[in-house]
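What follows is the content of run-v5.pdb (PDB, C-alpha atoms and all ligand atoms).
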MODEL        1
ATOM      1  CA  MET A   1      20.982   8.793   8.144
ATOM      2  CA  LYS A   2      19.176   8.864  11.479
ATOM      3  CA  ASN A   3      17.262   5.664  11.889
ATOM      4  CA  ASP A   4      16.871   3.355  14.833
ATOM      5  CA  LYS A   5      15.521   0.536  12.693
ATOM      6  CA  THR A   6      17.040  -2.859  11.970
ATOM      7  CA  LYS A   7      20.383  -2.798  10.257
ATOM      8  CA  THR A   8      20.642  -5.833   7.987
ATOM      9  CA  ASP A   9      24.049  -7.400   8.715
ATOM     10  CA  LYS A  10      24.616  -8.865   5.246
ATOM     11  CA  MET A  11      24.525  -5.724   3.172
ATOM     12  CA  ASN A  12      25.128  -3.195   5.907
ATOM     13  CA  ILE A  13      22.039  -1.226   4.964
ATOM     14  CA  TYR A  14      18.979  -0.098   6.883
ATOM     15  CA  MET A  15      15.721  -1.649   5.757
ATOM     16  CA  PRO A  16      12.757   0.685   6.092
ATOM     17  CA  GLU A  17      10.279  -0.777   8.567
ATOM     18  CA  HIS A  18       7.188   0.326   6.612
ATOM     19  CA  VAL A  19       7.252   0.722   2.808
ATOM     20  CA  GLY A  20       4.385   2.132   0.742
ATOM     21  CA  ILE A  21       4.202   1.655  -3.022
ATOM     22  CA  ILE A  22       2.102   3.549  -5.545
ATOM     23  CA  MET A  23       1.941   1.002  -8.358
ATOM     24  CA  ASP A  24       1.637   3.209 -11.437
ATOM     25  CA  GLY A  25       2.245   2.667 -15.140
ATOM     26  CA  ASN A  26       0.278  -0.472 -16.026
ATOM     27  CA  GLY A  27      -1.665   1.318 -18.780
ATOM     28  CA  ARG A  28       1.430   2.857 -20.380
ATOM     29  CA  TRP A  29       3.249  -0.475 -20.182
ATOM     30  CA  ALA A  30       0.466  -2.080 -22.244
ATOM     31  CA  LYS A  31       0.189   0.855 -24.656
ATOM     32  CA  LYS A  32       3.928   0.692 -25.406
ATOM     33  CA  ARG A  33       3.355  -2.896 -26.568
ATOM     34  CA  GLY A  34       0.228  -2.106 -28.577
ATOM     35  CA  LEU A  35      -1.899  -4.032 -26.052
ATOM     36  CA  PRO A  36      -5.167  -3.000 -24.369
ATOM     37  CA  ARG A  37      -4.687  -1.292 -20.970
ATOM     38  CA  PRO A  38      -6.204  -4.181 -18.963
ATOM     39  CA  VAL A  39      -3.353  -6.427 -20.127
ATOM     40  CA  GLY A  40      -1.035  -4.052 -18.277
ATOM     41  CA  HIS A  41      -3.053  -4.642 -15.101
ATOM     42  CA  THR A  42      -2.752  -8.413 -15.551
ATOM     43  CA  TYR A  43       1.029  -8.083 -15.708
ATOM     44  CA  GLY A  44       0.883  -5.581 -12.835
ATOM     45  CA  ALA A  45      -0.825  -8.243 -10.720
ATOM     46  CA  LYS A  46       2.054 -10.674 -11.414
ATOM     47  CA  THR A  47       4.582  -8.039 -10.335
ATOM     48  CA  PHE A  48       2.499  -7.383  -7.215
ATOM     49  CA  LYS A  49       2.867 -10.998  -6.076
ATOM     50  CA  ASP A  50       6.533 -11.306  -6.960
ATOM     51  CA  ILE A  51       7.583  -7.997  -5.388
ATOM     52  CA  THR A  52       5.547  -8.622  -2.236
ATOM     53  CA  ARG A  53       7.390 -11.913  -1.682
ATOM     54  CA  TYR A  54      10.753 -10.324  -2.394
ATOM     55  CA  ILE A  55      10.142  -7.387  -0.051
ATOM     56  CA  SER A  56       9.008  -9.687   2.754
ATOM     57  CA  LYS A  57      12.269 -11.630   2.422
ATOM     58  CA  GLN A  58      14.253  -8.388   2.766
ATOM     59  CA  GLY A  59      13.022  -7.908   6.335
ATOM     60  CA  VAL A  60      10.473  -5.153   5.738
ATOM     61  CA  LYS A  61       7.817  -5.413   8.465
ATOM     62  CA  ILE A  62       4.905  -3.628   6.760
ATOM     63  CA  LEU A  63       4.180  -3.139   3.065
ATOM     64  CA  THR A  64       1.257  -0.968   1.948
ATOM     65  CA  LEU A  65       0.374  -1.190  -1.734
ATOM     66  CA  TYR A  66      -1.937   1.273  -3.460
ATOM     67  CA  ALA A  67      -4.029  -0.902  -5.766
ATOM     68  CA  PHE A  68      -7.191   1.125  -6.444
ATOM     69  CA  SER A  69      -8.092   4.645  -5.416
ATOM     70  CA  THR A  70     -11.462   6.214  -4.672
ATOM     71  CA  GLU A  71     -10.891   8.207  -7.894
ATOM     72  CA  ASN A  72     -10.132   5.177 -10.092
ATOM     73  CA  TRP A  73     -13.876   4.499 -10.545
ATOM     74  CA  LYS A  74     -13.822   7.404 -13.033
ATOM     75  CA  ARG A  75     -11.986   5.226 -15.548
ATOM     76  CA  PRO A  76     -13.878   3.742 -18.502
ATOM     77  CA  LEU A  77     -16.275   1.044 -17.299
ATOM     78  CA  GLU A  78     -14.492  -1.576 -19.386
ATOM     79  CA  GLU A  79     -11.213  -0.896 -17.586
ATOM     80  CA  VAL A  80     -12.826  -0.793 -14.122
ATOM     81  CA  ASN A  81     -14.498  -4.134 -14.860
ATOM     82  CA  ALA A  82     -11.198  -5.624 -16.003
ATOM     83  CA  ILE A  83      -9.484  -4.432 -12.800
ATOM     84  CA  MET A  84     -12.319  -5.874 -10.651
ATOM     85  CA  LYS A  85     -11.928  -9.190 -12.476
ATOM     86  CA  ILE A  86      -8.213  -9.204 -11.605
ATOM     87  CA  PHE A  87      -8.965  -8.316  -7.963
ATOM     88  CA  ARG A  88     -11.611 -11.050  -7.739
ATOM     89  CA  GLN A  89      -9.152 -13.573  -9.187
ATOM     90  CA  TYR A  90      -6.464 -12.355  -6.812
ATOM     91  CA  LEU A  91      -8.829 -12.593  -3.827
ATOM     92  CA  HIS A  92      -9.461 -16.266  -4.659
ATOM     93  CA  ASP A  93      -5.686 -16.859  -4.757
ATOM     94  CA  ALA A  94      -5.211 -14.733  -1.637
ATOM     95  CA  LEU A  95      -6.870 -17.359   0.536
ATOM     96  CA  THR A  96      -3.846 -19.577   0.070
ATOM     97  CA  ASP A  97      -1.318 -17.155  -1.366
ATOM     98  CA  PHE A  98       1.553 -15.938   0.764
ATOM     99  CA  ARG A  99       0.905 -18.743   3.286
ATOM    100  CA  GLU A 100       4.375 -20.176   2.839
ATOM    101  CA  ASP A 101       5.800 -16.696   3.166
ATOM    102  CA  ASP A 102       3.860 -16.233   6.435
ATOM    103  CA  ILE A 103       2.544 -12.903   5.118
ATOM    104  CA  LYS A 104      -0.457 -11.423   6.913
ATOM    105  CA  VAL A 105      -2.901  -9.740   4.510
ATOM    106  CA  LYS A 106      -5.146  -6.799   5.368
ATOM    107  CA  PHE A 107      -7.211  -4.465   3.213
ATOM    108  CA  ILE A 108      -7.531  -0.746   3.782
ATOM    109  CA  GLY A 109     -10.116   1.502   2.170
ATOM    110  CA  ASP A 110     -13.889   1.426   1.878
ATOM    111  CA  ARG A 111     -14.708  -2.186   1.049
ATOM    112  CA  SER A 112     -18.469  -1.547   1.088
ATOM    113  CA  ALA A 113     -18.287  -0.395  -2.559
ATOM    114  CA  PHE A 114     -17.326  -3.892  -3.762
ATOM    115  CA  ASP A 115     -19.678  -6.713  -4.714
ATOM    116  CA  GLU A 116     -20.737  -8.986  -1.860
ATOM    117  CA  ASP A 117     -18.666 -11.954  -3.039
ATOM    118  CA  MET A 118     -15.564  -9.744  -3.050
ATOM    119  CA  ILE A 119     -16.305  -8.405   0.423
ATOM    120  CA  ASN A 120     -16.669 -11.980   1.708
ATOM    121  CA  LEU A 121     -13.340 -12.949   0.144
ATOM    122  CA  ILE A 122     -11.665  -9.853   1.622
ATOM    123  CA  ASN A 123     -12.967 -10.708   5.104
ATOM    124  CA  GLU A 124     -12.036 -14.368   4.737
ATOM    125  CA  THR A 125      -8.499 -13.548   3.551
ATOM    126  CA  GLU A 126      -7.952 -11.328   6.568
ATOM    127  CA  GLU A 127      -9.273 -13.977   8.950
ATOM    128  CA  ILE A 128      -7.243 -16.802   7.410
ATOM    129  CA  SER A 129      -3.975 -14.853   7.514
ATOM    130  CA  GLU A 130      -4.541 -13.138  10.857
ATOM    131  CA  LYS A 131      -2.266 -15.373  12.934
ATOM    132  CA  ARG A 132       0.670 -15.230  10.546
ATOM    133  CA  GLN A 133       3.846 -13.820  12.016
ATOM    134  CA  GLY A 134       5.640 -12.456   8.949
ATOM    135  CA  MET A 135       5.315  -9.193   7.066
ATOM    136  CA  LEU A 136       1.990  -7.356   7.147
ATOM    137  CA  LEU A 137       0.724  -6.608   3.642
ATOM    138  CA  ASN A 138      -1.872  -3.827   3.477
ATOM    139  CA  ILE A 139      -3.676  -3.698   0.163
ATOM    140  CA  ALA A 140      -5.287  -0.306  -0.374
ATOM    141  CA  MET A 141      -8.435  -0.888  -2.416
ATOM    142  CA  ASN A 142     -11.036   1.821  -2.922
ATOM    143  CA  TYR A 143      -8.696   3.813  -0.743
ATOM    144  CA  GLY A 144      -8.491   7.591  -0.609
ATOM    145  CA  SER A 145      -6.609   9.401   2.082
ATOM    146  CA  ARG A 146      -8.996  12.358   2.179
ATOM    147  CA  ASP A 147     -11.889   9.957   2.781
ATOM    148  CA  GLU A 148      -9.786   8.239   5.425
ATOM    149  CA  ILE A 149      -9.259  11.574   7.196
ATOM    150  CA  VAL A 150     -12.980  12.434   6.955
ATOM    151  CA  TYR A 151     -13.773   9.023   8.469
ATOM    152  CA  ALA A 152     -11.276   9.645  11.312
ATOM    153  CA  VAL A 153     -12.724  13.120  12.002
ATOM    154  CA  LYS A 154     -16.261  11.710  12.124
ATOM    155  CA  ARG A 155     -15.184   9.072  14.624
ATOM    156  CA  LEU A 156     -13.400  11.697  16.738
ATOM    157  CA  CYS A 157     -16.500  13.908  16.747
ATOM    158  CA  ALA A 158     -18.657  10.956  17.743
ATOM    159  CA  ASP A 159     -16.291  10.154  20.617
ATOM    160  CA  VAL A 160     -16.424  13.790  21.808
ATOM    161  CA  ARG A 161     -20.225  13.788  21.488
ATOM    162  CA  ASP A 162     -20.411  10.568  23.529
ATOM    163  CA  ASN A 163     -18.067  12.026  26.191
ATOM    164  CA  LYS A 164     -15.370   9.428  25.497
ATOM    165  CA  LEU A 165     -12.871  12.161  24.650
ATOM    166  CA  SER A 166     -12.635  15.883  25.345
ATOM    167  CA  VAL A 167     -11.707  18.384  22.608
ATOM    168  CA  ASP A 168      -8.487  19.153  24.498
ATOM    169  CA  ASP A 169      -7.524  15.486  24.357
ATOM    170  CA  ILE A 170      -7.400  15.462  20.544
ATOM    171  CA  THR A 171      -3.788  14.769  19.580
ATOM    172  CA  HIS A 172      -1.890  13.434  16.560
ATOM    173  CA  GLU A 173      -2.029  10.032  18.244
ATOM    174  CA  GLU A 174      -5.819  10.168  18.625
ATOM    175  CA  ILE A 175      -6.153  11.054  14.925
ATOM    176  CA  SER A 176      -3.696   8.319  13.833
ATOM    177  CA  ALA A 177      -5.589   5.791  15.936
ATOM    178  CA  ARG A 178      -8.710   6.425  13.846
ATOM    179  CA  LEU A 179      -7.087   6.075  10.426
ATOM    180  CA  TYR A 180      -7.237   2.808   8.474
ATOM    181  CA  THR A 181      -3.586   2.299   9.467
ATOM    182  CA  SER A 182      -4.406   2.520  13.172
ATOM    183  CA  GLY A 183      -1.668   1.063  15.359
ATOM    184  CA  LEU A 184       0.923   0.997  12.562
ATOM    185  CA  PRO A 185       4.027   3.149  12.302
ATOM    186  CA  ASP A 186       4.024   5.750   9.503
ATOM    187  CA  PRO A 187       5.670   4.684   6.246
ATOM    188  CA  ASP A 188       9.429   5.304   6.175
ATOM    189  CA  LEU A 189       9.694   5.057   2.409
ATOM    190  CA  ILE A 190       7.083   5.637  -0.295
ATOM    191  CA  ILE A 191       7.994   4.424  -3.765
ATOM    192  CA  ARG A 192       6.099   5.543  -6.844
ATOM    193  CA  THR A 193       6.639   3.803 -10.169
ATOM    194  CA  GLY A 194       5.744   5.298 -13.552
ATOM    195  CA  GLY A 195       7.676   8.555 -13.200
ATOM    196  CA  GLU A 196       5.164  10.902 -11.552
ATOM    197  CA  HIS A 197       6.113  12.864  -8.449
ATOM    198  CA  ARG A 198       2.923  13.037  -6.443
ATOM    199  CA  LEU A 199       1.094  11.178  -3.690
ATOM    200  CA  SER A 200      -2.288  11.014  -5.486
ATOM    201  CA  ASN A 201      -4.319  10.825  -2.267
ATOM    202  CA  PHE A 202      -2.131   8.087  -0.718
ATOM    203  CA  MET A 203      -1.448   8.200   3.039
ATOM    204  CA  LEU A 204      -1.481  12.022   3.181
ATOM    205  CA  TYR A 205      -1.514  12.146   6.986
ATOM    206  CA  GLN A 206       0.914   9.277   7.502
ATOM    207  CA  ALA A 207       3.418  10.529   4.884
ATOM    208  CA  ALA A 208       4.380  13.699   6.787
ATOM    209  CA  TYR A 209       7.993  12.537   7.148
ATOM    210  CA  SER A 210       8.162   9.641   4.724
ATOM    211  CA  GLU A 211      11.019   9.576   2.250
ATOM    212  CA  PHE A 212       9.648   9.733  -1.286
ATOM    213  CA  TYR A 213      11.288   7.829  -4.147
ATOM    214  CA  SER A 214      10.077   8.010  -7.723
ATOM    215  CA  THR A 215      11.287   5.777 -10.546
ATOM    216  CA  ASP A 216      10.457   5.917 -14.261
ATOM    217  CA  THR A 217      10.125   2.122 -14.299
ATOM    218  CA  LEU A 218       6.547   1.171 -15.123
ATOM    219  CA  TRP A 219       4.945  -1.073 -12.481
ATOM    220  CA  PRO A 220       4.864  -4.342 -14.506
ATOM    221  CA  ASP A 221       8.648  -3.953 -15.044
ATOM    222  CA  PHE A 222       9.453  -3.126 -11.398
ATOM    223  CA  SER A 223      12.137  -5.629 -10.417
ATOM    224  CA  HIS A 224      14.007  -6.789  -7.332
ATOM    225  CA  ASP A 225      16.898  -4.579  -8.469
ATOM    226  CA  ASP A 226      14.570  -1.586  -8.681
ATOM    227  CA  PHE A 227      13.489  -2.190  -5.093
ATOM    228  CA  ASP A 228      17.122  -2.559  -3.977
ATOM    229  CA  LYS A 229      17.943   0.750  -5.687
ATOM    230  CA  ALA A 230      15.110   2.487  -3.808
ATOM    231  CA  VAL A 231      16.445   1.126  -0.514
ATOM    232  CA  MET A 232      20.010   2.239  -1.356
ATOM    233  CA  GLU A 233      18.696   5.733  -2.087
ATOM    234  CA  TYR A 234      16.709   5.668   1.169
ATOM    235  CA  ASN A 235      19.936   4.857   3.012
ATOM    236  CA  LYS A 236      21.500   8.072   1.669
ATOM    237  CA  ARG A 237      18.704  10.259   3.017
ATOM    238  CA  ASN A 238      19.216  12.264   6.166
ATOM    239  CA  ARG A 239      15.966  11.954   8.089
ATOM    240  CA  ARG A 240      15.631  14.871  10.448
ATOM    241  CA  PHE A 241      11.890  14.805  11.169
ATOM    242  CA  GLY A 242      11.902  18.597  11.363
ATOM    243  CA  GLY A 243      14.964  18.679  13.631
ATOM    244  CA  VAL A 244      18.532  19.565  12.647
TER
HETATM  245  C1  LIG A 301      -1.903   1.828 -12.061
HETATM  246  O1  LIG A 301      -1.573   1.905 -13.411
HETATM  247  C2  LIG A 301      -2.748   0.664 -11.682
HETATM  248  C3  LIG A 301      -4.036   0.699 -11.224
HETATM  249  C4  LIG A 301      -4.790   1.934 -11.042
HETATM  250  C5  LIG A 301      -4.898  -0.456 -10.818
HETATM  251  C6  LIG A 301      -4.574  -1.872 -10.789
HETATM  252  C7  LIG A 301      -3.396  -2.395 -10.034
HETATM  253  C8  LIG A 301      -2.999  -3.666 -10.193
HETATM  254  C9  LIG A 301      -3.687  -4.577 -11.139
HETATM  255  C10 LIG A 301      -1.853  -4.147  -9.415
HETATM  256  C11 LIG A 301      -2.143  -5.464  -8.731
HETATM  257  C12 LIG A 301      -2.926  -5.404  -7.505
HETATM  258  C13 LIG A 301      -3.611  -6.437  -6.945
HETATM  259  C14 LIG A 301      -4.181  -6.282  -5.585
HETATM  260  C15 LIG A 301      -3.830  -7.737  -7.611
HETATM  261  P1  LIG A 301      -2.282   2.959 -14.389
HETATM  262  O2  LIG A 301      -3.420   2.293 -15.028
HETATM  263  O3  LIG A 301      -2.623   4.214 -13.651
HETATM  264  O4  LIG A 301      -1.148   3.235 -15.439
HETATM  265  P2  LIG A 301      -0.916   4.520 -16.363
HETATM  266  O5  LIG A 301      -0.481   5.635 -15.454
HETATM  267  O6  LIG A 301       0.165   4.093 -17.274
HETATM  268  O7  LIG A 301      -2.197   4.811 -17.063
ENDMDL
END
Let me see whether you can do it: turn the structure in this file into structure tokens.
Ligand code: FPP
Amino acid sequence: MKNDKTKTDKMNIYMPEHVGIIMDGNGRWAKKRGLPRPVGHTYGAKTFKDITRYISKQGVKILTLYAFSTENWKRPLEEVNAIMKIFRQYLHDALTDFREDDIKVKFIGDRSAFDEDMINLINETEEISEKRQGMLLNIAMNYGSRDEIVYAVKRLCADVRDNKLSVDDITHEEISARLYTSGLPDPDLIIRTGGEHRLSNFMLYQAAYSEFYSTDTLWPDFSHDDFDKAVMEYNKRNRRFGGV
């Protein structure tokens, strides 16, 4: 495969620089066990922590996890409340979590929809972890890529209106610079658990040339081996970026 990224000497494989994960299957995982759906989210949160640590140790530089979409509010109120409870709990842990792993935590998406205490915790977590040197973890919460693109277009229009940019100066780079992922390279590999083969409004602009990997494994069961398998598969891909 064509890739100028770090080759890990131990296993002789290329680690993707930026990995995105669509964490799907919590509800089905619970249903299979005769448990209420929120229990699946509780187990999903455990997997989230464990997999994040594992991936950071593998040398991945950026990990973007899709935790809650702009469409997820349509779920039954009881489930949304249960998910918010898990997020709130996680945000309390996040202040100290991943410190030993030197992981920098950022949140992408529209945080204004969350309760004030959650917004404060989100801001505080970002501030506390800002100087860390290890992997960057982006948690996509109330994230929707179409909204992200609308937001970028509005900012571009405002810059044109204010004479900071001319219409002719609008390039891919200028658009990318106004997305939530501004300044970051596009994801090399996007993994989706739970067996579906779609992006579900996740990084639509950034995923133009990402390698997509889908596994039937439900998110709470996603293991270190599952991640290794995704990376092995990624290593077999021939990335041409539209060339030959
Ligand atoms: C997908 O499973 C999961 C979600 C929509 C939301 C919650 C995600 C977590 C709790 C992961 C942990 C994240 C953090 C930041 C603590 P689903 O409910 O769509 O599953 P289904 O497809 O089986 O119904």
Excluding Thr96 of chain A and any residue of its chain fewer than 4 positions from it, enumerate the residues within 9 Å of it, using all atoms listed in the file, and give them as a PyMOL selection string.
-> chain A and resi 92+100+125+128-129
Closest pair table for chain A residues within 10 Å of ligand LIG 301 (chain A), all atoms listed in the file, as a Markdown table:
| residue | atom | partner | partner_atom | distance |
| --- | --- | --- | --- | --- |
| A:Ile22 | CA | A:LIG301 | C1 | 7.8 |
| A:Met23 | CA | A:LIG301 | C1 | 5.4 |
| A:Asp24 | CA | A:LIG301 | C1 | 3.9 |
| A:Gly25 | CA | A:LIG301 | O6 | 3.3 |
| A:Asn26 | CA | A:LIG301 | O1 | 4.0 |
| A:Gly27 | CA | A:LIG301 | O6 | 3.6 |
| A:Arg28 | CA | A:LIG301 | O6 | 3.6 |
| A:Trp29 | CA | A:LIG301 | O6 | 6.2 |
| A:Ala30 | CA | A:LIG301 | O6 | 7.9 |
| A:Lys31 | CA | A:LIG301 | O6 | 8.1 |
| A:Lys32 | CA | A:LIG301 | O6 | 9.6 |
| A:Arg37 | CA | A:LIG301 | O2 | 7.1 |
| A:Pro38 | CA | A:LIG301 | O2 | 8.1 |
| A:Val39 | CA | A:LIG301 | C9 | 9.2 |
| A:Gly40 | CA | A:LIG301 | O2 | 7.5 |
| A:His41 | CA | A:LIG301 | C9 | 4.0 |
| A:Thr42 | CA | A:LIG301 | C9 | 5.9 |
| A:Tyr43 | CA | A:LIG301 | C9 | 7.4 |
| A:Gly44 | CA | A:LIG301 | C10 | 4.6 |
| A:Ala45 | CA | A:LIG301 | C11 | 3.7 |
| A:Lys46 | CA | A:LIG301 | C11 | 7.2 |
| A:Thr47 | CA | A:LIG301 | C11 | 7.4 |
| A:Phe48 | CA | A:LIG301 | C11 | 5.2 |
| A:Lys49 | CA | A:LIG301 | C15 | 7.6 |
| A:Leu65 | CA | A:LIG301 | C14 | 7.8 |
| A:Tyr66 | CA | A:LIG301 | C7 | 7.7 |
| A:Ala67 | CA | A:LIG301 | C7 | 4.6 |
| A:Phe68 | CA | A:LIG301 | C5 | 5.2 |
| A:Ser69 | CA | A:LIG301 | C4 | 7.1 |
| A:Glu71 | CA | A:LIG301 | C4 | 9.3 |
| A:Asn72 | CA | A:LIG301 | C4 | 6.3 |
| A:Trp73 | CA | A:LIG301 | C4 | 9.5 |
| A:Arg75 | CA | A:LIG301 | O2 | 9.1 |
| A:Glu79 | CA | A:LIG301 | O2 | 8.8 |
| A:Val80 | CA | A:LIG301 | C5 | 8.6 |
| A:Ala82 | CA | A:LIG301 | C9 | 9.0 |
| A:Ile83 | CA | A:LIG301 | C6 | 5.9 |
| A:Met84 | CA | A:LIG301 | C6 | 8.7 |
| A:Lys85 | CA | A:LIG301 | C9 | 9.5 |
| A:Ile86 | CA | A:LIG301 | C15 | 6.1 |
| A:Phe87 | CA | A:LIG301 | C15 | 5.2 |
| A:Arg88 | CA | A:LIG301 | C15 | 8.5 |
| A:Gln89 | CA | A:LIG301 | C15 | 8.1 |
| A:Tyr90 | CA | A:LIG301 | C15 | 5.4 |
| A:Leu91 | CA | A:LIG301 | C15 | 7.9 |
| A:Asp93 | CA | A:LIG301 | C15 | 9.7 |
| A:Ala94 | CA | A:LIG301 | C15 | 9.3 |
| A:Phe107 | CA | A:LIG301 | C14 | 9.5 |
| A:Asn138 | CA | A:LIG301 | C14 | 9.7 |
| A:Ile139 | CA | A:LIG301 | C14 | 6.3 |
| A:Ala140 | CA | A:LIG301 | C14 | 8.0 |
| A:Met141 | CA | A:LIG301 | C14 | 7.6 |
| A:Thr193 | CA | A:LIG301 | C1 | 9.0 |
| A:Gly194 | CA | A:LIG301 | O5 | 6.5 |
| A:Gly195 | CA | A:LIG301 | O5 | 9.0 |
| A:Glu196 | CA | A:LIG301 | O5 | 8.7 |
| A:Leu218 | CA | A:LIG301 | O6 | 7.3 |
| A:Trp219 | CA | A:LIG301 | O1 | 7.2 |
| A:Pro220 | CA | A:LIG301 | C10 | 8.4 |
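Using all atoms listed in the file, the nearest neighbour of Asp226 of chain A within the list A:Ile175, A:Glu78, A:Asp188, A:Tyr54 is A:Tyr54.
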Got a sec to resolve the PyMOL selection byres (((chain A and resi 103) around 9) and not hetatm) on this structure and send the residues as a list in words?
->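 Residues picked by the PyMOL selection byres (((chain A and resi 103) around 9) and not hetatm): Arg53, Ser56, Asp97, Phe98, Arg99, Glu100, Asp101, Asp102, Lys104, Val105, Ser129, Arg132, Gln133, Gly134, Met135, Leu136 and Leu137 of chain A.
Excluding Tyr209 of chain A itself and same-chain residues fewer than 6 positions from it, the residues having an atom within 12 Å of it are Pro185, Asp186, Pro187, Asp188, Leu189, Ile190, Met203, Arg237, Asn238, Arg239, Arg240, Phe241, Gly242 and Gly243 of chain A, counting all atoms listed in the file.
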Record the distance separating atom CA of Tyr180 of chain A and atom CA of Gly109 of chain A, expressed in Å with one decimal.
->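 Calculated distance between atom CA of Tyr180 of chain A and atom CA of Gly109 of chain A is 7.1 Å.
Between atom CA of Asp147 of chain A and atom CA of Asp216 of chain A lies a distance of 28.4 Å.
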Suppose you want the space between atom CA of Leu95 of chain A and atom CA of Gly183 of chain A; what is it in Å?
->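 Separation between atom CA of Leu95 of chain A and atom CA of Gly183 of chain A: 24.2 Å.
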For the point (6.6, 9.7, -0.1) in file coordinates, what residues are within 12 Å, counting only C-alpha atoms? Give the answer as an NGL selection string?
-> :A and (18-22 or 186-193 or 196-214 or 230 or 234)
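Of the residues under consideration (A:Tyr143, A:Gly59, A:Leu35, A:Ile170), A:Tyr143 shows the shortest atom-to-atom contact distance to Ser112 of chain A when counting all atoms listed in the file.
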Size and centre in Å, one decimal, axis-aligned box, all listed segment 183-188 of chain A atoms plus 5 Å per side, as AutoDock Vina command-line options:
--center_x 3.9 --center_y 3.4 --center_z 10.8 --size_x 21.1 --size_y 14.8 --size_z 19.2
Could you name the residues that touch Thr181 of chain A at 8 Å or less, counting all atoms listed in the file, but leaving out those on the same chain fewer than 4 positions away, as a VMD selection string?
-> chain A and resid 108 176 to 177
Ser166 of chain A: which residues within 12 Å, counting all atoms listed in the file, same-chain residues fewer than 6 positions away excluded, as a list in words?
-> Leu156, Cys157, Ala158, Asp159, Val160 and Glu174 of chain A
Mind rebuilding segment 177-191 of chain A with N, CA and C atoms and writing that out as a PDB file, in the frame of the given file?
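So the final result, stored in part_31.pdb, reads:
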ATOM      1  N   ALA A 177      -4.914   7.005  15.457  1.00  0.00           N
ATOM      2  CA  ALA A 177      -5.589   5.791  15.936  1.00  0.00           C
ATOM      3  C   ALA A 177      -6.922   5.559  15.238  1.00  0.00           C
ATOM      4  N   ARG A 178      -7.418   6.575  14.537  1.00  0.00           N
ATOM      5  CA  ARG A 178      -8.710   6.425  13.846  1.00  0.00           C
ATOM      6  C   ARG A 178      -8.548   6.320  12.329  1.00  0.00           C
ATOM      7  N   LEU A 179      -7.321   6.265  11.869  1.00  0.00           N
ATOM      8  CA  LEU A 179      -7.087   6.075  10.426  1.00  0.00           C
ATOM      9  C   LEU A 179      -7.145   4.577  10.129  1.00  0.00           C
ATOM     10  N   TYR A 180      -7.222   4.233   8.835  1.00  0.00           N
ATOM     11  CA  TYR A 180      -7.237   2.808   8.474  1.00  0.00           C
ATOM     12  C   TYR A 180      -5.962   2.112   8.960  1.00  0.00           C
ATOM     13  N   THR A 181      -4.878   2.877   9.078  1.00  0.00           N
ATOM     14  CA  THR A 181      -3.586   2.299   9.467  1.00  0.00           C
ATOM     15  C   THR A 181      -3.372   2.332  10.982  1.00  0.00           C
ATOM     16  N   SER A 182      -4.463   2.446  11.714  1.00  0.00           N
ATOM     17  CA  SER A 182      -4.406   2.520  13.172  1.00  0.00           C
ATOM     18  C   SER A 182      -3.437   1.489  13.780  1.00  0.00           C
ATOM     19  N   GLY A 183      -2.579   1.972  14.663  1.00  0.00           N
ATOM     20  CA  GLY A 183      -1.668   1.063  15.359  1.00  0.00           C
ATOM     21  C   GLY A 183      -0.375   0.794  14.593  1.00  0.00           C
ATOM     22  N   LEU A 184      -0.289   1.269  13.359  1.00  0.00           N
ATOM     23  CA  LEU A 184       0.923   0.997  12.562  1.00  0.00           C
ATOM     24  C   LEU A 184       1.833   2.224  12.534  1.00  0.00           C
ATOM     25  N   PRO A 185       3.140   1.997  12.447  1.00  0.00           N
ATOM     26  CA  PRO A 185       4.027   3.149  12.302  1.00  0.00           C
ATOM     27  C   PRO A 185       3.833   3.795  10.916  1.00  0.00           C
ATOM     28  N   ASP A 186       4.136   5.070  10.799  1.00  0.00           N
ATOM     29  CA  ASP A 186       4.024   5.750   9.503  1.00  0.00           C
ATOM     30  C   ASP A 186       5.010   5.136   8.508  1.00  0.00           C
ATOM     31  N   PRO A 187       4.725   5.239   7.217  1.00  0.00           N
ATOM     32  CA  PRO A 187       5.670   4.684   6.246  1.00  0.00           C
ATOM     33  C   PRO A 187       7.011   5.433   6.279  1.00  0.00           C
ATOM     34  N   ASP A 188       8.098   4.686   6.214  1.00  0.00           N
ATOM     35  CA  ASP A 188       9.429   5.304   6.175  1.00  0.00           C
ATOM     36  C   ASP A 188       9.765   5.698   4.748  1.00  0.00           C
ATOM     37  N   LEU A 189       9.332   4.858   3.824  1.00  0.00           N
ATOM     38  CA  LEU A 189       9.694   5.057   2.409  1.00  0.00           C
ATOM     39  C   LEU A 189       8.451   4.846   1.555  1.00  0.00           C
ATOM     40  N   ILE A 190       8.178   5.807   0.672  1.00  0.00           N
ATOM     41  CA  ILE A 190       7.083   5.637  -0.295  1.00  0.00           C
ATOM     42  C   ILE A 190       7.697   5.643  -1.696  1.00  0.00           C
ATOM     43  N   ILE A 191       7.464   4.566  -2.409  1.00  0.00           N
ATOM     44  CA  ILE A 191       7.994   4.424  -3.765  1.00  0.00           C
ATOM     45  C   ILE A 191       6.853   4.652  -4.744  1.00  0.00           C
TER      46      ILE A 191
END
